[in-house]
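> Got a structure for you, questions after.
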Amino acid sequence: MARFRTLPLGDPVLFVLVLALSAFGIAMVYSAGMLDVPFTLVAGLWRLQLLWFVLGLLAIPVIMRVPIAWLERMTPPLYVLAVVLLALTLVVGTGVGTAEGVPRWIVIGPIRIHTAEFAKIPVIMMLARVLAQWREPPQTLWALWKPILIVLIPMVFVLGQPDLGTMIVFSFILLASLFWAGTPIRSLLLLISPAFGLFLAFNTWVWGAYIVLLGILLLLVRPKM
């Protein structure tokens, strides 16, 4: 802990990782705008992404001064708001650019809200609130029902859009949060076992070996009497 000097921007390693991922995201948006047939709206999205990135950097010192107790109180209302917006998107949502036919945005005057992107932060905050209550790592899959439900509810609405990429992001948010909270690796493997089973079903022998391994894992995660 003594290797790093306390900075007003938080953990320096985490801050650098956020910068790197944000730069990568802006580069991906820029790449998506390089079309054979130029489309003004899509081609200029990277500039808007860069603008929000700069505004986010300017907001960091302010957010870092928000008391943790305030964030805890704000988390449930923000989570409910995110779910409501996702539900409304399926009713009044619109598309834009290359995704013009899918309802992923809510338009309020000149403001266009991508509700699935907005929902990521409340979901992370809600997961942190629930997982912080754990005093010891979970010993059964049933003990994971609360964090799973927190992520599953918005994922259902995202599925209705549909937006497979964002669903995958929500899945990784759940897995990363559970791992950070101390969930055993074998429990995480069991949690994602349906996806592995679907992928390995191309070959009967491979699928059978996987089922055997899954049975062994089930024996290992049984709580001790």
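Labels used: A, B, ... for chains in the order of the structure tokens, numbers from 1 for residues in each chain, and numbers from 1 for ligands as shown.
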So that I can see what lies close to stretch 159-170 of chain A, please list as a PDB file with N, CA and C atoms, in the first residue's frame the residues with an atom at most 7 Å from it, counting only C-alpha atoms and leaving out residues fewer than 6 positions away in the same chain.

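As a result, result_27.pdb now contains:
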```
ATOM      1  N   LEU A  90     -38.245  -0.692 -24.213  1.00  0.00           N
ATOM      2  CA  LEU A  90     -38.926  -1.668 -25.070  1.00  0.00           C
ATOM      3  C   LEU A  90     -40.244  -1.127 -25.603  1.00  0.00           C
ATOM      4  N   VAL A 102     -33.622  -1.298 -33.819  1.00  0.00           N
ATOM      5  CA  VAL A 102     -33.727  -1.887 -32.479  1.00  0.00           C
ATOM      6  C   VAL A 102     -33.927  -0.784 -31.438  1.00  0.00           C
ATOM      7  N   PRO A 103     -34.820  -1.010 -30.464  1.00  0.00           N
ATOM      8  CA  PRO A 103     -35.098   0.013 -29.444  1.00  0.00           C
ATOM      9  C   PRO A 103     -34.065  -0.014 -28.319  1.00  0.00           C
ATOM     10  N   ARG A 104     -33.034   0.820 -28.429  1.00  0.00           N
ATOM     11  CA  ARG A 104     -31.984   0.853 -27.410  1.00  0.00           C
ATOM     12  C   ARG A 104     -31.812   2.226 -26.783  1.00  0.00           C
ATOM     13  N   VAL A 151     -28.455  -8.990 -11.396  1.00  0.00           N
ATOM     14  CA  VAL A 151     -27.983  -8.868 -12.772  1.00  0.00           C
ATOM     15  C   VAL A 151     -28.996  -9.440 -13.762  1.00  0.00           C
TER      16      VAL A 151
END
```
> Apply DSSP to the backbone of this structure and, from stretch 51-164 of chain A, keep only the residues in strand (DSSP E or B); write these as a list in words.
Thr94, Val96, Ala99, Trp105, Ile106, Val107, Ile108, Ile111, Arg112, Ile113 and His114 of chain A
> Which one of A:Ile124, A:Ile111, A:Ile68, A:Ala181 sits closest to A:Glu136 if you count only C-alpha atoms?
A:Ala181
> From the set A:Leu45, A:Met155, A:Leu213, A:Val16, which residue has the shortest atom-to-atom contact distance to A:Met28, counting only C-alpha atoms?
A:Leu45
> Measuring atom to atom with only C-alpha atoms, identify which of A:Asp11, A:Pro137, A:Ala143, A:Leu152 is nearest to A:Met64.
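Residue with the minimum atom-to-atom distance to A:Met64: A:Asp11.
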> So the first atom is atom CA of A:Val123 and the second is atom CA of A:Ile150; what is the distance between them in Å, to one decimal place?
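Computing the Euclidean distance for atom CA of A:Val123 and atom CA of A:Ile150 yields 6.9 Å.
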> Find the residues around A:Leu19 up to 12 Å (only C-alpha atoms counted), leave out those fewer than 4 positions away in its own chain, and share them as a PyMOL selection string.
chain A and resi 9+12-15+23-26+50+53-54+56-57
> Given the choices A:Trp52, A:Val91, A:Leu189, A:Ala69, which gets closest to A:Ile216 if the distance is worked out from only C-alpha atoms?
A:Leu189
